[in-house]
>>> print(open('query29.tsv').read())   # TSV, C-alpha atoms
chain	number	residue	atom	x	y	z
A	1	MET	CA	42.13	33.95	13.17
A	2	SER	CA	42.10	33.90	9.36
A	3	ASP	CA	44.42	30.86	9.06
A	4	ASN	CA	41.90	28.95	11.07
A	5	THR	CA	39.19	29.07	8.40
A	6	THR	CA	40.72	26.35	6.21
A	7	GLY	CA	41.97	22.94	7.15
A	8	THR	CA	40.25	22.90	10.49
A	9	LYS	CA	38.23	19.88	11.35
A	10	THR	CA	34.74	20.92	12.20
A	11	LYS	CA	32.02	18.82	13.62
A	12	GLU	CA	28.80	18.92	11.66
A	13	TYR	CA	25.97	20.27	13.73
A	14	ILE	CA	23.01	17.93	13.70
A	15	ARG	CA	19.92	19.61	15.00
A	16	PRO	CA	18.29	17.33	17.54
A	17	MET	CA	14.91	16.06	16.39
A	18	PRO	CA	12.57	14.84	19.08
A	19	ALA	CA	10.89	11.50	18.25
A	20	ASN	CA	7.48	13.11	18.64
A	21	TRP	CA	8.17	15.96	16.15
A	22	TRP	CA	5.15	14.93	14.10
A	23	MET	CA	2.74	15.57	16.98
A	24	MET	CA	3.50	19.31	16.90
A	25	LYS	CA	1.28	20.20	13.98
A	26	LYS	CA	-1.95	18.82	12.50
A	27	THR	CA	-0.47	18.61	8.98
A	28	PHE	CA	2.45	16.56	10.36
A	29	VAL	CA	0.03	14.16	12.05
A	30	LEU	CA	-1.93	13.74	8.81
A	31	PHE	CA	1.34	13.15	6.93
A	32	ILE	CA	2.39	10.39	9.33
A	33	VAL	CA	-1.10	8.82	9.21
A	34	ARG	CA	-0.93	8.85	5.40
A	35	GLU	CA	2.51	7.22	5.44
A	36	LEU	CA	1.38	4.64	8.00
A	37	THR	CA	-1.50	3.52	5.76
A	38	CYS	CA	1.22	1.45	4.06
A	39	VAL	CA	1.25	-0.88	7.09
A	40	PHE	CA	-2.40	-1.73	6.42
A	41	VAL	CA	-1.83	-2.01	2.67
A	42	GLY	CA	0.99	-4.50	3.32
A	43	GLY	CA	-0.97	-6.23	6.07
A	44	TYR	CA	-3.96	-6.78	3.81
A	45	ALA	CA	-1.69	-8.12	1.07
A	46	LEU	CA	-0.39	-10.69	3.61
A	47	PHE	CA	-3.99	-11.56	4.53
A	48	LEU	CA	-4.68	-12.26	0.85
A	49	LEU	CA	-1.48	-14.31	0.54
A	50	VAL	CA	-2.59	-16.68	3.31
A	51	LEU	CA	-6.09	-16.84	1.82
A	52	VAL	CA	-4.60	-17.80	-1.54
A	53	ALA	CA	-2.37	-20.41	0.15
A	54	ARG	CA	-5.53	-22.07	1.53
A	55	ARG	CA	-7.32	-22.26	-1.80
A	56	ASP	CA	-7.06	-26.07	-1.96
A	57	GLN	CA	-8.63	-26.54	1.51
A	58	PRO	CA	-12.29	-25.34	1.51
A	59	GLU	CA	-12.61	-25.47	5.32
A	60	ALA	CA	-9.37	-23.62	6.06
A	61	PHE	CA	-10.27	-21.05	3.37
A	62	ALA	CA	-13.66	-20.34	5.03
A	63	ALA	CA	-12.11	-20.34	8.51
A	64	TRP	CA	-9.62	-17.64	7.47
A	65	LEU	CA	-12.49	-15.46	6.23
A	66	ASN	CA	-14.63	-16.02	9.33
A	67	SER	CA	-11.95	-15.55	11.99
A	68	PRO	CA	-13.23	-12.90	14.46
A	69	LEU	CA	-9.72	-11.54	15.09
A	70	LEU	CA	-9.09	-11.07	11.36
A	71	ILE	CA	-12.49	-9.43	10.90
A	72	VAL	CA	-11.64	-6.91	13.64
A	73	LEU	CA	-8.25	-6.22	12.06
A	74	GLN	CA	-9.88	-5.70	8.67
A	75	ILE	CA	-12.45	-3.33	10.16
A	76	ILE	CA	-9.53	-1.28	11.51
A	77	ALA	CA	-7.75	-1.52	8.14
A	78	LEU	CA	-10.77	-0.44	6.07
A	79	PRO	CA	-10.70	3.31	6.97
A	80	MET	CA	-6.91	3.32	6.58
A	81	LEU	CA	-7.20	1.78	3.09
A	82	LEU	CA	-9.83	4.39	2.21
A	83	TYR	CA	-7.53	7.13	3.52
A	84	HIS	CA	-4.77	5.78	1.28
A	85	SER	CA	-7.11	5.79	-1.75
A	86	ILE	CA	-8.33	9.34	-1.08
A	87	THR	CA	-4.87	10.83	-0.43
A	88	TRP	CA	-3.45	8.96	-3.44
A	89	ILE	CA	-6.17	10.16	-5.81
A	90	ASN	CA	-5.95	13.71	-4.47
A	91	LEU	CA	-2.26	13.74	-5.38
A	92	THR	CA	-2.82	12.66	-9.00
A	93	PRO	CA	-3.37	16.26	-10.31
A	94	LYS	CA	0.01	17.20	-8.81
A	95	VAL	CA	1.79	14.26	-10.43
A	96	MET	CA	-0.11	14.37	-13.73
A	97	VAL	CA	-0.26	17.92	-15.09
A	98	VAL	CA	-2.31	17.81	-18.28
A	99	TRP	CA	-2.40	20.68	-20.80
A	100	ARG	CA	-5.14	21.19	-23.34
A	101	GLY	CA	-3.51	23.64	-25.75
A	102	GLU	CA	-2.52	26.67	-23.67
A	103	GLU	CA	-4.94	25.77	-20.94
A	104	ARG	CA	-4.13	23.61	-17.96
A	105	VAL	CA	-6.76	20.94	-17.34
A	106	SER	CA	-8.36	21.65	-13.97
A	107	PRO	CA	-6.83	19.63	-11.10
A	108	LEU	CA	-10.38	18.99	-9.89
A	109	LEU	CA	-11.27	17.38	-13.21
A	110	ILE	CA	-8.24	15.04	-13.06
A	111	ALA	CA	-8.94	13.98	-9.47
A	112	GLY	CA	-12.66	13.72	-10.29
A	113	ALA	CA	-11.96	11.41	-13.23
A	114	ASN	CA	-9.94	9.18	-10.89
A	115	TYR	CA	-12.77	9.06	-8.36
A	116	VAL	CA	-15.20	8.05	-11.14
A	117	ALA	CA	-12.77	5.34	-12.29
A	118	TRP	CA	-12.45	4.10	-8.70
A	119	ALA	CA	-16.25	3.86	-8.38
A	120	ILE	CA	-16.64	2.03	-11.71
A	121	ILE	CA	-13.84	-0.45	-10.87
A	122	SER	CA	-15.44	-1.15	-7.48
A	123	ILE	CA	-18.91	-1.72	-8.97
A	124	VAL	CA	-17.54	-3.99	-11.72
A	125	ILE	CA	-15.58	-6.14	-9.24
A	126	LEU	CA	-18.59	-6.39	-6.91
A	127	SER	CA	-20.90	-7.42	-9.75
A	128	ILE	CA	-18.41	-10.04	-11.00
A	129	SER	CA	-17.92	-11.57	-7.55
A	130	CYS	CA	-21.55	-11.42	-6.36
A	131	PRO	CA	-23.70	-12.40	-9.34
B	1	MET	CA	25.60	11.82	-10.03
B	2	ALA	CA	25.57	8.76	-7.84
B	3	ARG	CA	23.93	5.73	-9.33
B	4	SER	CA	21.12	4.25	-7.35
B	5	ASN	CA	18.39	1.68	-7.64
B	6	ASP	CA	15.87	4.13	-6.27
B	7	PRO	CA	13.95	4.70	-9.54
B	8	ILE	CA	13.12	0.96	-9.63
B	9	TRP	CA	11.84	0.96	-6.05
B	10	TRP	CA	9.99	4.20	-6.58
B	11	SER	CA	8.24	2.83	-9.68
B	12	LEU	CA	7.14	-0.28	-7.79
B	13	PHE	CA	6.01	1.91	-4.87
B	14	SER	CA	3.97	4.05	-7.23
B	15	ALA	CA	2.45	1.09	-9.11
B	16	GLY	CA	1.57	-0.56	-5.79
B	17	GLY	CA	0.00	2.67	-4.57
B	18	VAL	CA	-2.27	2.82	-7.62
B	19	VAL	CA	-3.27	-0.85	-7.34
B	20	ALA	CA	-3.97	-0.53	-3.59
B	21	ALA	CA	-5.92	2.71	-4.03
B	22	PHE	CA	-8.25	1.40	-6.74
B	23	PHE	CA	-8.64	-2.29	-5.87
B	24	MET	CA	-8.09	-2.84	-2.14
B	25	PRO	CA	-11.20	-1.12	-0.72
B	26	VAL	CA	-13.59	-3.17	-2.87
B	27	THR	CA	-11.68	-6.39	-2.13
B	28	ILE	CA	-11.69	-5.82	1.63
B	29	LEU	CA	-15.44	-5.11	1.36
B	30	LEU	CA	-15.80	-8.66	0.01
B	31	THR	CA	-13.63	-10.32	2.66
B	32	VAL	CA	-14.75	-8.37	5.74
B	33	ILE	CA	-18.46	-7.73	5.12
B	34	ILE	CA	-19.98	-9.61	2.20
B	35	VAL	CA	-18.59	-13.07	3.00
B	36	PRO	CA	-18.69	-13.01	6.85
B	37	ALA	CA	-22.25	-11.58	6.73
B	38	GLY	CA	-23.31	-14.57	4.65
B	39	TRP	CA	-24.31	-12.60	1.53
B	40	LEU	CA	-21.75	-14.58	-0.48
B	41	PRO	CA	-20.73	-18.12	0.53
B	42	ALA	CA	-16.99	-18.50	1.17
B	43	GLU	CA	-17.09	-21.47	-1.21
B	44	ASP	CA	-18.21	-19.21	-4.07
B	45	LEU	CA	-15.29	-16.87	-3.43
B	46	ARG	CA	-12.97	-19.90	-3.32
B	47	GLN	CA	-14.25	-21.10	-6.70
B	48	LEU	CA	-13.78	-17.62	-8.11
B	49	ALA	CA	-10.21	-17.54	-6.74
B	50	GLY	CA	-9.39	-20.51	-8.99
B	51	HIS	CA	-10.16	-18.66	-12.23
B	52	PRO	CA	-7.01	-17.69	-14.16
B	53	LEU	CA	-8.01	-14.01	-14.34
B	54	THR	CA	-8.71	-13.91	-10.60
B	55	ARG	CA	-5.30	-15.47	-9.99
B	56	LEU	CA	-3.67	-12.72	-12.03
B	57	TYR	CA	-5.73	-10.12	-10.13
B	58	LEU	CA	-4.69	-11.58	-6.77
B	59	PHE	CA	-1.03	-11.82	-7.78
B	60	VAL	CA	-0.98	-8.14	-8.75
B	61	LEU	CA	-2.93	-7.21	-5.60
B	62	ILE	CA	-0.48	-9.05	-3.35
B	63	SER	CA	2.86	-8.30	-4.99
B	64	LEU	CA	2.75	-4.60	-5.96
B	65	PRO	CA	1.18	-3.34	-2.70
B	66	MET	CA	3.96	-5.16	-0.79
B	67	PHE	CA	6.54	-3.08	-2.68
B	68	HIS	CA	4.42	-0.02	-1.93
B	69	TRP	CA	4.60	-0.91	1.77
B	70	ALA	CA	8.35	-1.62	1.61
B	71	HIS	CA	9.25	1.74	0.10
B	72	ARG	CA	6.97	3.85	2.27
B	73	PHE	CA	7.75	1.97	5.48
B	74	ARG	CA	11.53	2.23	5.20
B	75	TYR	CA	11.22	6.02	5.09
B	76	VAL	CA	8.43	6.51	7.64
B	77	ALA	CA	10.27	4.27	10.12
B	78	VAL	CA	13.24	6.66	9.96
B	79	ASP	CA	10.89	9.67	10.25
B	80	LEU	CA	9.50	8.14	13.43
B	81	GLY	CA	12.97	7.85	14.94
B	82	PHE	CA	14.23	4.38	13.98
B	83	LYS	CA	17.50	5.82	12.67
B	84	ARG	CA	19.75	3.10	14.08
B	85	ILE	CA	18.23	0.40	11.88
B	86	SER	CA	18.04	2.64	8.80
B	87	SER	CA	20.89	0.73	7.10
B	88	ILE	CA	19.14	-2.65	7.29
B	89	LEU	CA	15.61	-1.36	6.62
B	90	PRO	CA	15.87	-1.39	2.79
B	91	ILE	CA	17.09	-5.01	2.73
B	92	VAL	CA	14.43	-6.16	5.21
B	93	CYS	CA	11.58	-4.26	3.50
B	94	TYR	CA	12.34	-4.92	-0.17
B	95	GLY	CA	13.43	-8.45	0.74
B	96	THR	CA	10.09	-9.16	2.41
B	97	ALA	CA	8.23	-7.81	-0.64
B	98	LEU	CA	10.32	-10.03	-2.90
B	99	VAL	CA	9.72	-13.15	-0.78
B	100	VAL	CA	5.96	-12.47	-0.66
B	101	THR	CA	5.94	-12.00	-4.44
B	102	LEU	CA	7.63	-15.38	-4.93
B	103	LEU	CA	5.21	-17.06	-2.49
B	104	ALA	CA	2.22	-15.52	-4.28
B	105	LEU	CA	3.63	-16.77	-7.58
B	106	PHE	CA	4.09	-20.23	-6.06
B	107	TYR	CA	0.51	-20.42	-4.76
B	108	LEU	CA	-1.17	-18.81	-7.75
B	109	ALA	CA	0.78	-20.43	-10.61
B	110	THR	CA	0.14	-24.03	-9.48
B	111	PHE	CA	-2.98	-25.72	-10.72
>>> encode(input="query29.tsv", output="structure tokens")
Amino acid sequence: MSDNTTGTKTKEYIRPMPANWWMMKKTFVLFIVRELTCVFVGGYALFLLVLVARRDQPEAFAAWLNSPLLIVLQIIALPMLLYHSITWINLTPKVMVVWRGEERVSPLLIAGANYVAWAIISIVILSISCP
Amino acid sequence: MARSNDPIWWSLFSAGGVVAAFFMPVTILLTVIIVPAGWLPAEDLRQLAGHPLTRLYLFVLISLPMFHWAHRFRYVAVDLGFKRISSILPIVCYGTALVVTLLALFYLATF
């Protein structure tokens, strides 16, 4: 028995993982939804790329913005982009731990500051683009 | 420790995540509501898109979020069971982000 413990080829046991593992728990579902927001982030970047490519053609530029199919896709993307923003900002206190002397700056304050920055950025960009 | 390029990809993922979080919702508000509803003529947005600062804004908003997508997608695809293509996923994802970056540069750097 004892001489069998070394030098024996063993097969690594890989625990089977069902493809729908993430449906088992609510936190898993939310994790997968958060990760899948990247599809909409990338998709919207591609939308902007085509828009930019049409900058020299006024009619094609307007047509891209007024396409019903693209409007529907963007309406679907909007909540996903917001979910990305919210989950991303909520993680900032975990990534950025700030100390003021011996005292740790409240995670709520760090996330709150990011939400304020997000609001200011949005208002500034809206006021620049719609004078 | 094994050398890897992961810190580069992770940095781009993180930078793209920040850019997408802070700038994409307001931009999509412009393209999906404000312009189609007629509150802002598409021509005005087109004129604005020609300004050098807007071009820089659009370049950053196209390129970095694509790297964000690439990094997150290659991992979530494996989580969702696409293990067989896991070896080609990094090349396809980061490659796509790189191509889109070059295209954005091409369209935004020409006057």
>>> residues_near_point(input="query29.tsv", point="(-8.2, 3.0, 5.3)", cutoff="10 Å", atoms="only C-alpha atoms", output="PyMOL selection string")
(chain A and resi 33-34+37-38+40-41+74-86) or (chain B and resi 21+24-25)
>>> residues_around(input="query29.tsv", residues="B:Val60", least_positions_apart="4", cutoff="10 Å", atoms="only C-alpha atoms", output="PyMOL selection string")
(chain A and resi 45) or (chain B and resi 15-16+19-20+54-56+64-66+101+104-105)
>>> closest_atom_pairs(input="query29.tsv", of="chain A", to="chain B", cutoff="6 Å", atoms="all atoms listed in the file", output="tab-separated table")
residue	atom	partner	partner_atom	distance
A:Ala19	CA	B:Gly81	CA	5.3
A:Cys38	CA	B:Trp69	CA	4.7
A:Gly42	CA	B:Met66	CA	5.1
A:Ala45	CA	B:Ile62	CA	4.7
A:Ala53	CA	B:Tyr107	CA	5.7
A:Ala62	CA	B:Ala42	CA	5.4
A:Asn66	CA	B:Pro36	CA	5.6
A:Ile71	CA	B:Val32	CA	5.7
A:Ser85	CA	B:Ala21	CA	4.0
A:Trp118	CA	B:Phe22	CA	5.4
A:Ser122	CA	B:Val26	CA	5.4
>>> atom_distance(input="query29.tsv", atom1="atom CA of A:Gly112", atom2="atom CA of A:Trp88")
12.4 Å
>>> atom_distance(input="query29.tsv", atom1="atom CA of A:Val72", atom2="atom CA of A:Ser129")
22.6 Å
>>> atom_distance(input="query29.tsv", atom1="atom CA of B:Thr110", atom2="atom CA of A:Leu46")
18.7 Å
>>> residues_near_point(input="query29.tsv", point="(13.1, -2.7, 7.8)", cutoff="8 Å", atoms="only C-alpha atoms", output="short mmCIF file (atom, residue, chain, number, x, y, z; two decimals) with C-alpha atoms, keeping the file's coordinate frame")
data_model
loop_
_atom_site.label_atom_id
_atom_site.label_comp_id
_atom_site.auth_asym_id
_atom_site.auth_seq_id
_atom_site.Cartn_x
_atom_site.Cartn_y
_atom_site.Cartn_z
CA ALA B 70 8.35 -1.62 1.61
CA PHE B 73 7.75 1.97 5.48
CA ARG B 74 11.53 2.23 5.20
CA ALA B 77 10.27 4.27 10.12
CA ILE B 85 18.23 0.40 11.88
CA SER B 86 18.04 2.64 8.80
CA ILE B 88 19.14 -2.65 7.29
CA LEU B 89 15.61 -1.36 6.62
CA PRO B 90 15.87 -1.39 2.79
CA ILE B 91 17.09 -5.01 2.73
CA VAL B 92 14.43 -6.16 5.21
CA CYS B 93 11.58 -4.26 3.50
#
>>> closest_residue(input="query29.tsv", among="A:Val52, A:Thr27, A:Glu35, A:Leu91", to="A:Leu108", atoms="only C-alpha atoms")
A:Leu91
